[in-house]
file my_file_2.tsv (TSV, C-alpha atoms)
chain	number	residue	atom	x	y	z
A	1	ASP	CA	31.69	-33.39	31.93
A	2	SER	CA	32.67	-29.74	31.66
A	3	LEU	CA	33.97	-30.33	28.12
A	4	THR	CA	30.86	-32.07	26.77
A	5	ASN	CA	28.63	-28.96	26.71
A	6	PRO	CA	28.69	-26.34	23.94
A	7	TYR	CA	29.87	-23.72	26.44
A	8	ILE	CA	30.96	-23.35	30.04
A	9	GLN	CA	29.95	-20.55	32.41
A	10	MET	CA	32.73	-18.89	34.34
A	11	ILE	CA	32.56	-17.42	37.85
A	12	ASN	CA	32.12	-13.95	36.30
A	13	SER	CA	28.99	-15.34	34.56
A	14	LYS	CA	30.51	-15.11	31.07
A	15	LYS	CA	30.00	-18.12	28.82
A	16	TYR	CA	32.96	-19.44	26.87
A	17	ALA	CA	32.52	-21.72	23.90
A	18	ILE	CA	33.84	-25.27	24.03
A	19	ASN	CA	35.03	-27.11	20.94
A	20	VAL	CA	34.98	-30.72	22.09
A	21	GLY	CA	36.77	-32.05	19.00
A	22	ASN	CA	40.06	-30.22	19.46
A	23	LYS	CA	39.49	-29.33	23.12
A	24	ARG	CA	39.65	-25.59	22.64
A	25	ILE	CA	38.07	-23.02	24.94
A	26	ASN	CA	36.90	-19.74	23.48
A	27	GLY	CA	38.39	-20.68	20.13
A	28	THR	CA	42.02	-20.20	21.19
A	29	SER	CA	43.21	-21.85	24.41
A	30	ALA	CA	43.66	-25.62	24.13
A	31	VAL	CA	43.26	-28.15	26.96
A	32	ILE	CA	46.49	-30.13	27.10
A	33	ALA	CA	45.75	-32.10	30.27
A	34	SER	CA	42.95	-32.67	32.77
A	35	PHE	CA	43.01	-33.75	36.42
A	36	SER	CA	40.20	-34.85	38.71
A	37	ALA	CA	40.03	-33.34	42.18
A	38	PHE	CA	37.75	-34.03	45.14
A	39	ASN	CA	35.18	-31.40	44.19
A	40	SER	CA	36.26	-30.28	40.74
A	41	LYS	CA	38.09	-31.02	37.52
A	42	ILE	CA	41.25	-29.12	36.65
A	43	HIS	CA	42.10	-28.37	33.01
A	44	LEU	CA	45.64	-27.34	32.09
A	45	LEU	CA	45.62	-24.86	29.17
A	46	ASP	CA	48.34	-23.90	26.72
A	47	ALA	CA	47.47	-20.17	27.06
A	48	PRO	CA	45.26	-17.79	29.05
A	49	ILE	CA	41.61	-17.63	28.00
A	50	PRO	CA	40.99	-14.29	26.24
A	51	VAL	CA	38.30	-12.20	27.89
A	52	ARG	CA	35.21	-11.68	25.75
A	53	ASN	CA	32.81	-8.79	26.03
A	54	ASN	CA	29.07	-9.29	26.07
A	55	VAL	CA	26.92	-7.57	23.43
A	56	TRP	CA	26.32	-4.47	25.53
A	57	GLU	CA	29.98	-4.09	26.49
A	58	TYR	CA	30.91	-4.40	22.82
A	59	LEU	CA	28.38	-1.79	21.65
A	60	SER	CA	29.33	0.62	24.47
A	61	GLN	CA	32.87	1.07	23.17
A	62	ASP	CA	33.80	4.10	21.07
A	63	SER	CA	35.68	2.12	18.44
A	64	VAL	CA	36.87	-1.46	18.01
A	65	GLY	CA	38.06	-1.29	14.41
A	66	ASP	CA	35.07	-3.07	12.89
A	67	GLY	CA	33.88	-0.13	10.76
A	68	ALA	CA	30.66	0.25	12.76
A	69	ASP	CA	31.44	3.32	14.87
A	70	VAL	CA	28.30	5.13	13.66
A	71	PHE	CA	25.98	2.38	14.86
A	72	ARG	CA	27.62	2.36	18.29
A	73	SER	CA	27.33	6.15	18.48
A	74	TYR	CA	23.59	5.78	17.79
A	75	VAL	CA	23.38	3.35	20.71
A	76	ARG	CA	25.14	5.76	23.08
A	77	GLU	CA	22.91	8.65	21.96
A	78	MET	CA	19.87	6.76	23.28
A	79	ASN	CA	20.87	7.67	26.85
A	80	ARG	CA	18.22	9.64	28.73
A	81	THR	CA	17.95	11.02	32.24
A	82	THR	CA	14.93	9.81	34.23
A	83	SER	CA	12.85	11.90	36.61
A	84	ASN	CA	14.92	10.65	39.56
A	85	GLY	CA	18.18	11.70	37.91
A	86	LYS	CA	19.36	8.27	36.75
A	87	VAL	CA	20.73	7.74	33.25
A	88	LYS	CA	19.09	4.95	31.25
A	89	ASN	CA	19.59	3.81	27.69
A	90	ASP	CA	16.54	3.06	25.53
A	91	VAL	CA	18.32	0.24	23.67
A	92	LEU	CA	19.01	-1.56	26.94
A	93	ALA	CA	15.57	-0.71	28.33
A	94	TYR	CA	13.43	-1.70	25.33
A	95	LEU	CA	15.45	-3.90	22.96
A	96	GLY	CA	16.79	-6.48	25.37
A	97	ASP	CA	19.02	-6.81	28.41
A	98	LEU	CA	22.10	-7.05	26.21
A	99	ASP	CA	24.38	-7.08	29.27
A	100	ASN	CA	22.81	-10.23	30.70
A	101	GLU	CA	25.29	-13.10	30.51
A	102	ASP	CA	22.44	-15.62	30.90
A	103	GLU	CA	20.84	-14.52	27.60
A	104	TRP	CA	21.86	-15.12	23.98
A	105	PHE	CA	21.52	-12.36	21.40
A	106	VAL	CA	22.29	-11.83	17.76
A	107	ALA	CA	23.07	-8.18	17.02
A	108	ILE	CA	23.00	-7.20	13.34
A	109	VAL	CA	25.46	-4.33	13.21
A	110	PRO	CA	25.61	-2.30	9.97
A	111	SER	CA	28.73	-0.57	8.71
A	112	ASP	CA	29.24	3.18	8.91
A	113	SER	CA	28.29	3.62	5.26
A	114	ALA	CA	25.12	1.50	5.69
A	115	CYS	CA	24.01	3.59	8.70
A	116	SER	CA	24.67	6.85	6.88
A	117	LYS	CA	22.73	5.71	3.81
A	118	ALA	CA	19.79	4.58	5.95
A	119	TYR	CA	19.79	7.88	7.82
A	120	GLN	CA	19.73	9.87	4.57
A	121	ASN	CA	16.77	7.82	3.28
A	122	VAL	CA	14.68	7.78	6.47
A	123	SER	CA	15.16	11.26	7.94
A	124	PRO	CA	13.27	13.13	5.15
A	125	LEU	CA	10.27	10.84	5.78
A	126	LEU	CA	9.88	12.13	9.34
A	127	SER	CA	8.61	15.51	10.46
A	128	THR	CA	8.58	16.65	14.06
A	129	PRO	CA	6.84	19.84	15.25
A	130	VAL	CA	8.74	22.21	17.50
A	131	ASP	CA	6.49	21.44	20.49
A	132	ARG	CA	7.48	17.75	20.12
A	133	GLY	CA	11.22	18.43	20.02
A	134	GLY	CA	11.72	19.72	16.48
A	135	ILE	CA	14.77	18.76	14.45
A	136	THR	CA	16.64	17.39	17.50
A	137	GLN	CA	13.87	14.87	18.17
A	138	GLN	CA	13.60	14.06	14.47
A	139	GLU	CA	17.31	13.20	14.34
A	140	ASN	CA	16.96	11.04	17.45
A	141	ASP	CA	13.86	9.30	16.04
A	142	THR	CA	15.68	8.52	12.79
A	143	LYS	CA	18.54	6.88	14.67
A	144	TRP	CA	16.08	4.92	16.82
A	145	ILE	CA	14.26	3.58	13.75
A	146	ILE	CA	17.60	2.34	12.41
A	147	LEU	CA	18.48	0.67	15.74
A	148	ARG	CA	15.24	-0.92	16.84
A	149	GLU	CA	15.05	-3.99	14.57
A	150	GLN	CA	18.71	-5.00	14.85
A	151	PHE	CA	18.55	-7.38	17.81
A	152	ILE	CA	17.35	-10.99	18.04
A	153	ARG	CA	16.99	-12.87	21.33
A	154	CYS	CA	17.85	-16.55	20.99
A	155	ALA	CA	17.26	-19.53	23.23
A	156	ALA	CA	20.38	-20.47	25.17
A	157	ASP	CA	20.74	-23.75	23.28
A	158	SER	CA	20.19	-22.23	19.84
A	159	VAL	CA	23.74	-20.93	19.37
A	160	LYS	CA	26.20	-23.77	18.86
A	161	TRP	CA	29.96	-23.83	18.51
A	162	GLN	CA	31.43	-25.47	15.41
A	163	ASP	CA	34.98	-25.71	14.11
A	164	ASN	CA	34.69	-22.35	12.34
A	165	GLY	CA	32.79	-20.58	15.15
A	166	TYR	CA	29.20	-20.19	16.26
A	167	THR	CA	26.22	-21.21	14.18
A	168	ILE	CA	22.60	-20.20	14.76
A	169	ASN	CA	20.20	-23.08	15.28
A	170	GLN	CA	16.99	-21.05	15.03
A	171	PRO	CA	13.69	-21.35	13.16
A	172	ASP	CA	13.75	-20.11	9.57
A	173	THR	CA	12.13	-16.86	10.70
A	174	MET	CA	13.61	-15.14	13.75
A	175	ASN	CA	11.75	-12.36	15.54
A	176	THR	CA	13.57	-9.24	16.66
A	177	THR	CA	13.18	-7.80	20.14
A	178	PHE	CA	10.99	-5.06	18.65
A	179	TRP	CA	8.39	-5.85	15.94
A	180	GLY	CA	10.30	-7.24	12.98
A	181	SER	CA	11.70	-10.56	11.83
A	182	TYR	CA	14.52	-11.96	9.74
A	183	VAL	CA	14.75	-15.05	7.58
A	184	GLU	CA	17.89	-16.89	8.67
A	185	LYS	CA	19.18	-17.79	5.21
A	186	ASP	CA	18.78	-14.20	4.01
A	187	LEU	CA	20.41	-12.83	7.13
A	188	LEU	CA	23.47	-15.07	6.94
A	189	THR	CA	23.79	-14.45	3.19
A	190	THR	CA	24.16	-10.70	3.77
A	191	THR	CA	26.57	-11.09	6.70
A	192	ASP	CA	30.08	-9.86	5.96
A	193	SER	CA	31.73	-11.18	9.14
A	194	ILE	CA	30.82	-12.59	12.56
A	195	ILE	CA	32.20	-11.55	15.95
A	196	HIS	CA	31.77	-14.00	18.83
A	197	LEU	CA	30.88	-12.57	22.23
A	198	SER	CA	30.18	-14.04	25.65
A	199	ASN	CA	26.39	-13.79	25.30
A	200	GLY	CA	25.86	-13.87	21.55
A	201	LEU	CA	27.03	-12.82	18.14
A	202	ILE	CA	27.67	-9.65	16.20
A	203	LEU	CA	26.76	-10.04	12.53
A	204	CYS	CA	28.54	-7.30	10.61
A	205	VAL	CA	26.55	-6.28	7.51
A	206	ASN	CA	27.17	-3.74	4.75
A	207	SER	CA	23.54	-2.80	4.10
A	208	ILE	CA	20.12	-2.47	5.73
A	209	PRO	CA	17.80	-3.61	2.92
A	210	ARG	CA	14.57	-2.32	4.48
A	211	PHE	CA	15.92	1.24	4.25
A	212	ASP	CA	16.91	1.16	0.60
A	213	SER	CA	15.22	4.02	-1.25
A	214	THR	CA	13.39	1.57	-3.54
A	215	LYS	CA	12.22	-0.53	-0.57
A	216	LEU	CA	10.81	2.52	1.19
A	217	LYS	CA	8.64	3.21	-1.85
A	218	GLU	CA	7.10	-0.27	-1.92
A	219	THR	CA	3.49	-0.99	-1.03
A	220	THR	CA	3.08	-2.37	2.50
A	221	VAL	CA	0.43	-4.92	3.45
A	222	TYR	CA	-0.60	-5.35	7.10
A	223	GLU	CA	-2.53	-8.53	7.81
A	224	ALA	CA	-5.53	-7.69	10.01
A	225	GLU	CA	-5.25	-10.94	11.96
A	226	ASN	CA	-1.66	-10.03	12.93
A	227	ALA	CA	-2.34	-6.47	14.10
A	228	LEU	CA	0.15	-5.38	16.77
A	229	LYS	CA	-2.57	-3.62	18.71
A	230	ILE	CA	-6.37	-3.55	18.45
A	231	LYS	CA	-8.93	-1.31	20.08
A	232	LYS	CA	-12.63	-1.96	19.82
A	233	ALA	CA	-16.00	-0.57	20.77
A	234	ASN	CA	-19.20	-2.59	21.13
A	235	SER	CA	-17.72	-5.45	19.15
A	236	LYS	CA	-15.84	-8.71	19.50
A	237	GLN	CA	-13.20	-10.22	17.23
A	238	VAL	CA	-12.38	-13.72	16.04
A	239	ILE	CA	-9.54	-14.77	13.74
A	240	GLU	CA	-10.82	-17.05	10.98
A	241	VAL	CA	-8.44	-19.21	8.99
A	242	GLY	CA	-9.03	-18.95	5.24
A	243	LYS	CA	-10.74	-21.84	3.51
A	244	GLY	CA	-12.29	-22.62	0.16
A	245	ASN	CA	-11.31	-21.05	-3.14
A	246	LEU	CA	-11.59	-17.37	-2.22
A	247	PRO	CA	-8.11	-15.83	-1.98
A	248	VAL	CA	-7.25	-14.42	1.44
A	249	SER	CA	-3.81	-12.92	1.95
A	250	GLY	CA	-1.91	-14.39	4.88
A	251	GLY	CA	-4.29	-17.35	5.03
A	252	ALA	CA	-6.65	-15.74	7.57
A	253	TYR	CA	-8.80	-12.71	8.32
A	254	LEU	CA	-10.18	-10.78	11.29
A	255	LYS	CA	-13.90	-11.16	11.90
A	256	ASN	CA	-15.47	-8.17	13.67
A	257	MET	CA	-18.97	-8.77	15.12
A	258	PRO	CA	-21.30	-6.28	16.83
A	259	ASP	CA	-21.62	-6.92	20.55
A	260	GLY	CA	-23.20	-5.45	23.67
A	261	LEU	CA	-25.34	-2.36	23.12
A	262	ALA	CA	-24.63	-2.44	19.38
A	263	LEU	CA	-26.98	-5.44	19.19
A	264	THR	CA	-29.96	-3.48	20.50
A	265	SER	CA	-29.36	0.28	20.13
A	266	THR	CA	-29.41	2.22	16.88
A	267	ARG	CA	-27.23	4.93	18.43
A	268	VAL	CA	-24.29	2.72	19.35
A	269	VAL	CA	-21.43	2.31	16.87
A	270	ALA	CA	-19.46	-0.91	16.61
A	271	TYR	CA	-15.90	-0.63	15.31
A	272	VAL	CA	-12.44	-2.13	15.43
A	273	ALA	CA	-9.28	0.00	15.19
A	274	LEU	CA	-6.18	-1.68	13.75
A	275	PHE	CA	-2.91	0.01	14.66
A	276	VAL	CA	-0.27	0.06	11.94
A	277	PRO	CA	3.51	0.35	12.46
A	278	ASP	CA	6.31	1.89	10.42
A	279	LEU	CA	4.39	4.69	8.74
A	280	TYR	CA	6.23	7.77	7.53
A	281	VAL	CA	5.22	11.36	6.92
A	282	ARG	CA	4.34	10.89	3.28
A	283	PRO	CA	1.11	10.59	1.27
A	284	TYR	CA	-0.50	7.14	1.12
A	285	ASN	CA	-3.43	5.63	-0.66
A	286	VAL	CA	-4.88	3.41	2.06
A	287	TYR	CA	-7.16	0.43	1.41
A	288	ALA	CA	-8.94	-2.17	3.52
A	289	VAL	CA	-9.66	-5.52	1.88
A	290	ILE	CA	-13.03	-6.85	3.04
A	291	VAL	CA	-14.01	-10.53	2.79
A	292	PRO	CA	-17.65	-11.18	1.70
A	293	THR	CA	-20.19	-12.91	3.92
A	294	CYS	CA	-20.69	-15.65	1.33
A	295	TYR	CA	-17.18	-16.86	2.11
A	296	GLU	CA	-18.67	-18.40	5.25
A	297	ASP	CA	-22.24	-18.93	4.02
A	298	SER	CA	-22.58	-19.45	0.28
A	299	ALA	CA	-26.30	-18.59	0.45
A	300	ASP	CA	-25.70	-15.17	2.05
A	301	ASN	CA	-24.74	-12.46	-0.45
A	302	ARG	CA	-25.42	-9.46	1.77
A	303	PRO	CA	-22.71	-6.77	1.47
A	304	ASN	CA	-21.35	-4.62	4.29
A	305	LYS	CA	-21.89	-0.91	4.81
A	306	ILE	CA	-18.71	0.61	6.24
A	307	THR	CA	-17.39	3.95	7.46
A	308	THR	CA	-13.60	4.38	7.78
A	309	VAL	CA	-11.57	6.64	10.04
A	310	PHE	CA	-7.82	7.36	9.89
A	311	GLY	CA	-6.45	8.57	13.18
A	312	VAL	CA	-3.91	8.55	15.98
A	313	GLU	CA	-3.95	7.61	19.63
A	314	LYS	CA	-2.81	10.33	22.02
A	315	PRO	CA	-0.32	9.53	24.82
A	316	SER	CA	-3.30	9.82	27.20
A	317	GLY	CA	-4.95	6.87	25.44
A	318	LEU	CA	-7.64	8.99	23.78
A	319	MET	CA	-8.11	8.36	20.07
A	320	SER	CA	-8.66	11.10	17.53
A	321	GLY	CA	-9.16	10.96	13.80
A	322	ARG	CA	-11.31	12.00	10.92
A	323	VAL	CA	-13.81	10.13	8.81
A	324	THR	CA	-12.21	9.47	5.44
A	325	ASN	CA	-15.09	7.62	3.75
A	326	ASN	CA	-18.70	7.23	4.83
A	327	ASN	CA	-21.31	4.51	4.21
A	328	MET	CA	-19.33	2.56	1.61
A	329	VAL	CA	-21.01	-0.61	0.35
A	330	THR	CA	-18.89	-3.68	-0.38
A	331	ASN	CA	-19.29	-6.41	-2.98
A	332	GLY	CA	-21.48	-9.17	-1.58
A	333	THR	CA	-19.97	-11.93	-3.71
A	334	ASP	CA	-16.25	-11.12	-3.85
A	335	THR	CA	-13.48	-9.45	-1.87
A	336	THR	CA	-13.61	-5.65	-1.93
A	337	LYS	CA	-10.56	-3.40	-1.95
A	338	LEU	CA	-12.15	-0.53	-0.07
A	339	LEU	CA	-10.56	2.95	-0.30
A	340	VAL	CA	-9.95	4.20	3.24
A	341	ALA	CA	-8.06	7.37	2.33
A	342	GLU	CA	-6.58	8.88	-0.83
A	343	LYS	CA	-3.23	10.70	-0.66
A	344	TYR	CA	-3.57	10.80	3.12
A	345	GLN	CA	-0.59	12.11	5.05
A	346	MET	CA	-0.12	12.12	8.80
A	347	PRO	CA	1.32	15.47	9.90
A	348	TYR	CA	3.48	13.78	12.52
A	349	ILE	CA	4.38	10.18	13.28
A	350	GLU	CA	4.79	9.17	16.93
A	351	VAL	CA	7.92	7.00	16.79
A	352	VAL	CA	7.44	4.24	19.36
A	353	ARG	CA	10.22	3.46	21.84
A	354	ASN	CA	8.62	0.76	23.98
A	355	PRO	CA	7.50	-2.10	21.69
A	356	ALA	CA	4.96	-3.21	24.30
A	357	LEU	CA	2.96	-0.01	23.76
A	358	GLY	CA	2.45	-0.61	20.06
A	359	PRO	CA	2.09	2.00	17.30
A	360	MET	CA	-0.08	5.12	17.61
A	361	GLU	CA	-1.54	5.42	14.10
A	362	HIS	CA	-4.64	3.40	13.30
A	363	VAL	CA	-7.31	2.65	10.73
A	364	ARG	CA	-10.79	2.29	12.16
A	365	ILE	CA	-13.28	0.03	10.34
A	366	GLN	CA	-16.74	1.01	11.53
A	367	ASN	CA	-20.07	-0.73	10.92
A	368	ALA	CA	-22.46	1.75	9.28
A	369	ALA	CA	-25.44	-0.58	8.86
A	370	LYS	CA	-28.29	0.00	11.29
A	371	ILE	CA	-30.13	-2.78	13.11
A	372	SER	CA	-33.14	-2.17	10.86
A	373	GLU	CA	-30.93	-2.86	7.80
A	374	VAL	CA	-29.82	-6.40	8.67
A	375	GLY	CA	-31.99	-7.78	5.87
A	376	THR	CA	-29.90	-5.79	3.38
A	377	TYR	CA	-26.46	-5.59	5.02
A	378	ASP	CA	-24.42	-7.97	7.13
A	379	ARG	CA	-23.28	-6.12	10.26
A	380	THR	CA	-20.38	-8.53	10.77
A	381	ILE	CA	-17.28	-7.22	8.96
A	382	ARG	CA	-14.46	-9.52	7.86
A	383	ILE	CA	-11.15	-7.70	7.36
A	384	ASP	CA	-8.44	-9.41	5.35
A	385	CYS	CA	-5.70	-6.76	5.36
A	386	LEU	CA	-4.78	-3.09	5.14
A	387	ILE	CA	-2.77	-1.84	2.18
A	388	PHE	CA	-0.60	1.29	2.19
A	389	GLU	CA	0.54	2.48	-1.22
A	390	PRO	CA	3.05	5.39	-1.09
A	391	VAL	CA	2.12	8.22	-3.45
A	392	ASP	CA	4.77	10.48	-4.97

call {"tool": "encode", "arguments": {"input": "my_file_2.tsv", "output": "structure tokens"}}
result
Amino acid sequence: DSLTNPYIQMINSKKYAINVGNKRINGTSAVIASFSAFNSKIHLLDAPIPVRNNVWEYLSQDSVGDGADVFRSYVREMNRTTSNGKVKNDVLAYLGDLDNEDEWFVAIVPSDSACSKAYQNVSPLLSTPVDRGGITQQENDTKWIILREQFIRCAADSVKWQDNGYTINQPDTMNTTFWGSYVEKDLLTTTDSIIHLSNGLILCVNSIPRFDSTKLKETTVYEAENALKIKKANSKQVIEVGKGNLPVSGGAYLKNMPDGLALTSTRVVAYVALFVPDLYVRPYNVYAVIVPTCYEDSADNRPNKITTVFGVEKPSGLMSGRVTNNNMVTNGTDTTKLLVAEKYQMPYIEVVRNPALGPMEHVRIQNAAKISEVGTYDRTIRIDCLIFEPVD
């Protein structure tokens, strides 16, 4: 039975691939005979089984001749000393337990030239004040941004062994251990070579497309219904799936309804704050696309009255920001591309380490219609998406 599974787990917890067809273990050692014992099965091999590193052991080495020394140096530079004097690495802490032999990972490891090019393109888009660490922190943040979307955690049965090595049996879109995702066919198309490890794969690539200079200048759309983090005040949210003939990007929108004291008090403000990842220190024209009320009730053409705020959440959890546009009225019969901020530039971007905390920067969509104005304005706001257009 030990040769009918895609891999076997050794006493040292490492998993070695089994090729049932030609009875090879770990791609090299062949089984030339097998014997049954009282409590085991003995396989006679034609050579020793080569030891395979796990993903973390592989990335922890200085050089292995794969042309990716820069990426591994970035990994090592994520070491930090905790308050109790222990050394921890942010990659291992936040991007997956890459040393766990019971997990399966795909690590997308870019070449030295790809890392250097990405660094040159990203670093100028960050700015770190001296009281936040200055240039040293900016360099570290740039390297972290390059690292953080390079790891995919797979189900144990999703990596199979075939005659020519492992193959990934994953959904078309695979989520990284941070915030991003990859499309499998695109990922494998750009892969230069594959290295097989005891708990996953290394995909060696010669580029990081998301950091190409042209890609960094593209407009980014964040779907409101997929916001990584939401904060609210005196409101409740529902995700509505798009229907009818009105175009809604992403097929859904976020419905923000006044709640609690906002239903009875004229002094209480109802808002929803959508936190947006991957911003850089550069000017943006920022828009919010608002869905009209008539999308849900064809007889109701009331517009919304909206105030927008662009801000940042402090490490303490307090939110600060400034009003960018006040009392804007939307179109009551069609979607409205509402200007949130023109040529707005954050002075400093808080680069997130722990993906569970979410981004710091946010756009707040605030209901500006009073209770006495419900005959004129709908106080429920339907947000399709946020659009960030880089401005030169």

call {"tool": "residues_around", "arguments": {"input": "my_file_2.tsv", "residues": "Tyr119 of chain A", "least_positions_apart": "6", "cutoff": "9 Å", "atoms": "all atoms listed in the file", "output": "list in words"}}
result
Glu139, Thr142, Lys143, Ile146 and Phe211 of chain A

call {"tool": "closest_residue", "arguments": {"input": "my_file_2.tsv", "among": "A:Asn199, A:Gln138, A:Thr335, A:Asn325", "to": "Cys294 of chain A", "atoms": "all atoms listed in the file"}}
result
A:Thr335

call {"tool": "residues_near_point", "arguments": {"input": "my_file_2.tsv", "point": "(-17.6, 12.7, 7.8)", "cutoff": "10 Å", "atoms": "all atoms listed in the file", "output": "PyMOL selection string"}}
result
chain A and resi 307-309+322-327

call {"tool": "atom_distance", "arguments": {"input": "my_file_2.tsv", "atom1": "atom CA of Lys232 of chain A", "atom2": "atom CA of Ile306 of chain A"}}
result
15.1 Å

call {"tool": "residues_around", "arguments": {"input": "my_file_2.tsv", "residues": "Pro359 of chain A", "least_positions_apart": "2", "cutoff": "8 Å", "atoms": "all atoms listed in the file", "output": "PDB file with C-alpha atoms, in the frame of the given file"}}
result
ATOM      1  CA  LEU A 228       0.150  -5.380  16.770  1.00  0.00           C
ATOM      2  CA  LYS A 229      -2.570  -3.620  18.710  1.00  0.00           C
ATOM      3  CA  PHE A 275      -2.910   0.010  14.660  1.00  0.00           C
ATOM      4  CA  VAL A 276      -0.270   0.060  11.940  1.00  0.00           C
ATOM      5  CA  PRO A 277       3.510   0.350  12.460  1.00  0.00           C
ATOM      6  CA  GLU A 350       4.790   9.170  16.930  1.00  0.00           C
ATOM      7  CA  VAL A 351       7.920   7.000  16.790  1.00  0.00           C
ATOM      8  CA  VAL A 352       7.440   4.240  19.360  1.00  0.00           C
ATOM      9  CA  LEU A 357       2.960  -0.010  23.760  1.00  0.00           C
ATOM     10  CA  GLU A 361      -1.540   5.420  14.100  1.00  0.00           C
ATOM     11  CA  HIS A 362      -4.640   3.400  13.300  1.00  0.00           C
TER      12      HIS A 362
END

call {"tool": "closest_residue", "arguments": {"input": "my_file_2.tsv", "among": "A:Ile11, A:Ile381, A:Ile239, A:Leu203", "to": "Val289 of chain A", "atoms": "all atoms listed in the file"}}
result
A:Ile381

call {"tool": "atom_distance", "arguments": {"input": "my_file_2.tsv", "atom1": "atom CA of Ile202 of chain A", "atom2": "atom CA of Gly96 of chain A"}}
result
14.6 Å

call {"tool": "atom_distance", "arguments": {"input": "my_file_2.tsv", "atom1": "atom CA of Glu77 of chain A", "atom2": "atom CA of Ser193 of chain A"}}
result
25.2 Å

call {"tool": "residues_around", "arguments": {"input": "my_file_2.tsv", "residues": "Gly321 of chain A", "least_positions_apart": "5", "cutoff": "12 Å", "atoms": "only C-alpha atoms", "output": "list of chain:residue names"}}
result
A:Ala273, A:Thr308, A:Val309, A:Phe310, A:Gly311, A:Val312, A:Glu313, A:Lys314, A:Met346, A:Met360, A:Glu361, A:His362, A:Val363, A:Arg364

call {"tool": "decode", "arguments": {"input": "my_file_2.tsv", "residues": "segment 274-278 of chain A", "atoms": "all heavy atoms", "output": "PDB file, in the first residue's frame"}}
result
ATOM      1  N   LEU A 274     -13.976  51.935   3.692  1.00  0.00           N
ATOM      2  CA  LEU A 274     -13.416  50.807   2.949  1.00  0.00           C
ATOM      3  C   LEU A 274     -11.898  50.964   2.899  1.00  0.00           C
ATOM      4  O   LEU A 274     -11.383  51.972   2.407  1.00  0.00           O
ATOM      5  CB  LEU A 274     -13.985  50.780   1.528  1.00  0.00           C
ATOM      6  CG  LEU A 274     -15.509  50.764   1.410  1.00  0.00           C
ATOM      7  CD1 LEU A 274     -15.923  50.785  -0.056  1.00  0.00           C
ATOM      8  CD2 LEU A 274     -16.102  49.560   2.103  1.00  0.00           C
ATOM      9  N   PHE A 275     -11.203  49.972   3.415  1.00  0.00           N
ATOM     10  CA  PHE A 275      -9.741  50.039   3.458  1.00  0.00           C
ATOM     11  C   PHE A 275      -9.157  49.463   2.173  1.00  0.00           C
ATOM     12  O   PHE A 275      -9.590  48.415   1.689  1.00  0.00           O
ATOM     13  CB  PHE A 275      -9.223  49.277   4.680  1.00  0.00           C
ATOM     14  CG  PHE A 275      -9.486  49.992   5.969  1.00  0.00           C
ATOM     15  CD1 PHE A 275     -10.769  50.028   6.512  1.00  0.00           C
ATOM     16  CD2 PHE A 275      -8.467  50.656   6.617  1.00  0.00           C
ATOM     17  CE1 PHE A 275     -11.014  50.699   7.705  1.00  0.00           C
ATOM     18  CE2 PHE A 275      -8.706  51.334   7.809  1.00  0.00           C
ATOM     19  CZ  PHE A 275      -9.978  51.357   8.348  1.00  0.00           C
ATOM     20  N   VAL A 276      -8.176  50.157   1.628  1.00  0.00           N
ATOM     21  CA  VAL A 276      -7.651  49.809   0.299  1.00  0.00           C
ATOM     22  C   VAL A 276      -6.166  49.455   0.389  1.00  0.00           C
ATOM     23  O   VAL A 276      -5.380  50.188   0.985  1.00  0.00           O
ATOM     24  CB  VAL A 276      -7.867  50.966  -0.695  1.00  0.00           C
ATOM     25  CG1 VAL A 276      -9.330  51.074  -1.058  1.00  0.00           C
ATOM     26  CG2 VAL A 276      -7.399  52.296  -0.124  1.00  0.00           C
ATOM     27  N   PRO A 277      -5.774  48.308  -0.181  1.00  0.00           N
ATOM     28  CA  PRO A 277      -4.379  47.875  -0.106  1.00  0.00           C
ATOM     29  C   PRO A 277      -3.545  48.411  -1.260  1.00  0.00           C
ATOM     30  O   PRO A 277      -4.056  48.944  -2.246  1.00  0.00           O
ATOM     31  CB  PRO A 277      -4.505  46.352  -0.219  1.00  0.00           C
ATOM     32  CG  PRO A 277      -5.687  46.160  -1.121  1.00  0.00           C
ATOM     33  CD  PRO A 277      -6.637  47.299  -0.793  1.00  0.00           C
ATOM     34  N   ASP A 278      -2.230  48.220  -1.112  1.00  0.00           N
ATOM     35  CA  ASP A 278      -1.277  48.416  -2.219  1.00  0.00           C
ATOM     36  C   ASP A 278      -1.269  49.828  -2.785  1.00  0.00           C
ATOM     37  O   ASP A 278      -1.098  50.018  -3.991  1.00  0.00           O
ATOM     38  CB  ASP A 278      -1.541  47.399  -3.337  1.00  0.00           C
ATOM     39  CG  ASP A 278      -1.366  45.970  -2.843  1.00  0.00           C
ATOM     40  OD1 ASP A 278      -0.622  45.770  -1.871  1.00  0.00           O
ATOM     41  OD2 ASP A 278      -1.971  45.067  -3.433  1.00  0.00           O
TER      42      ASP A 278
END
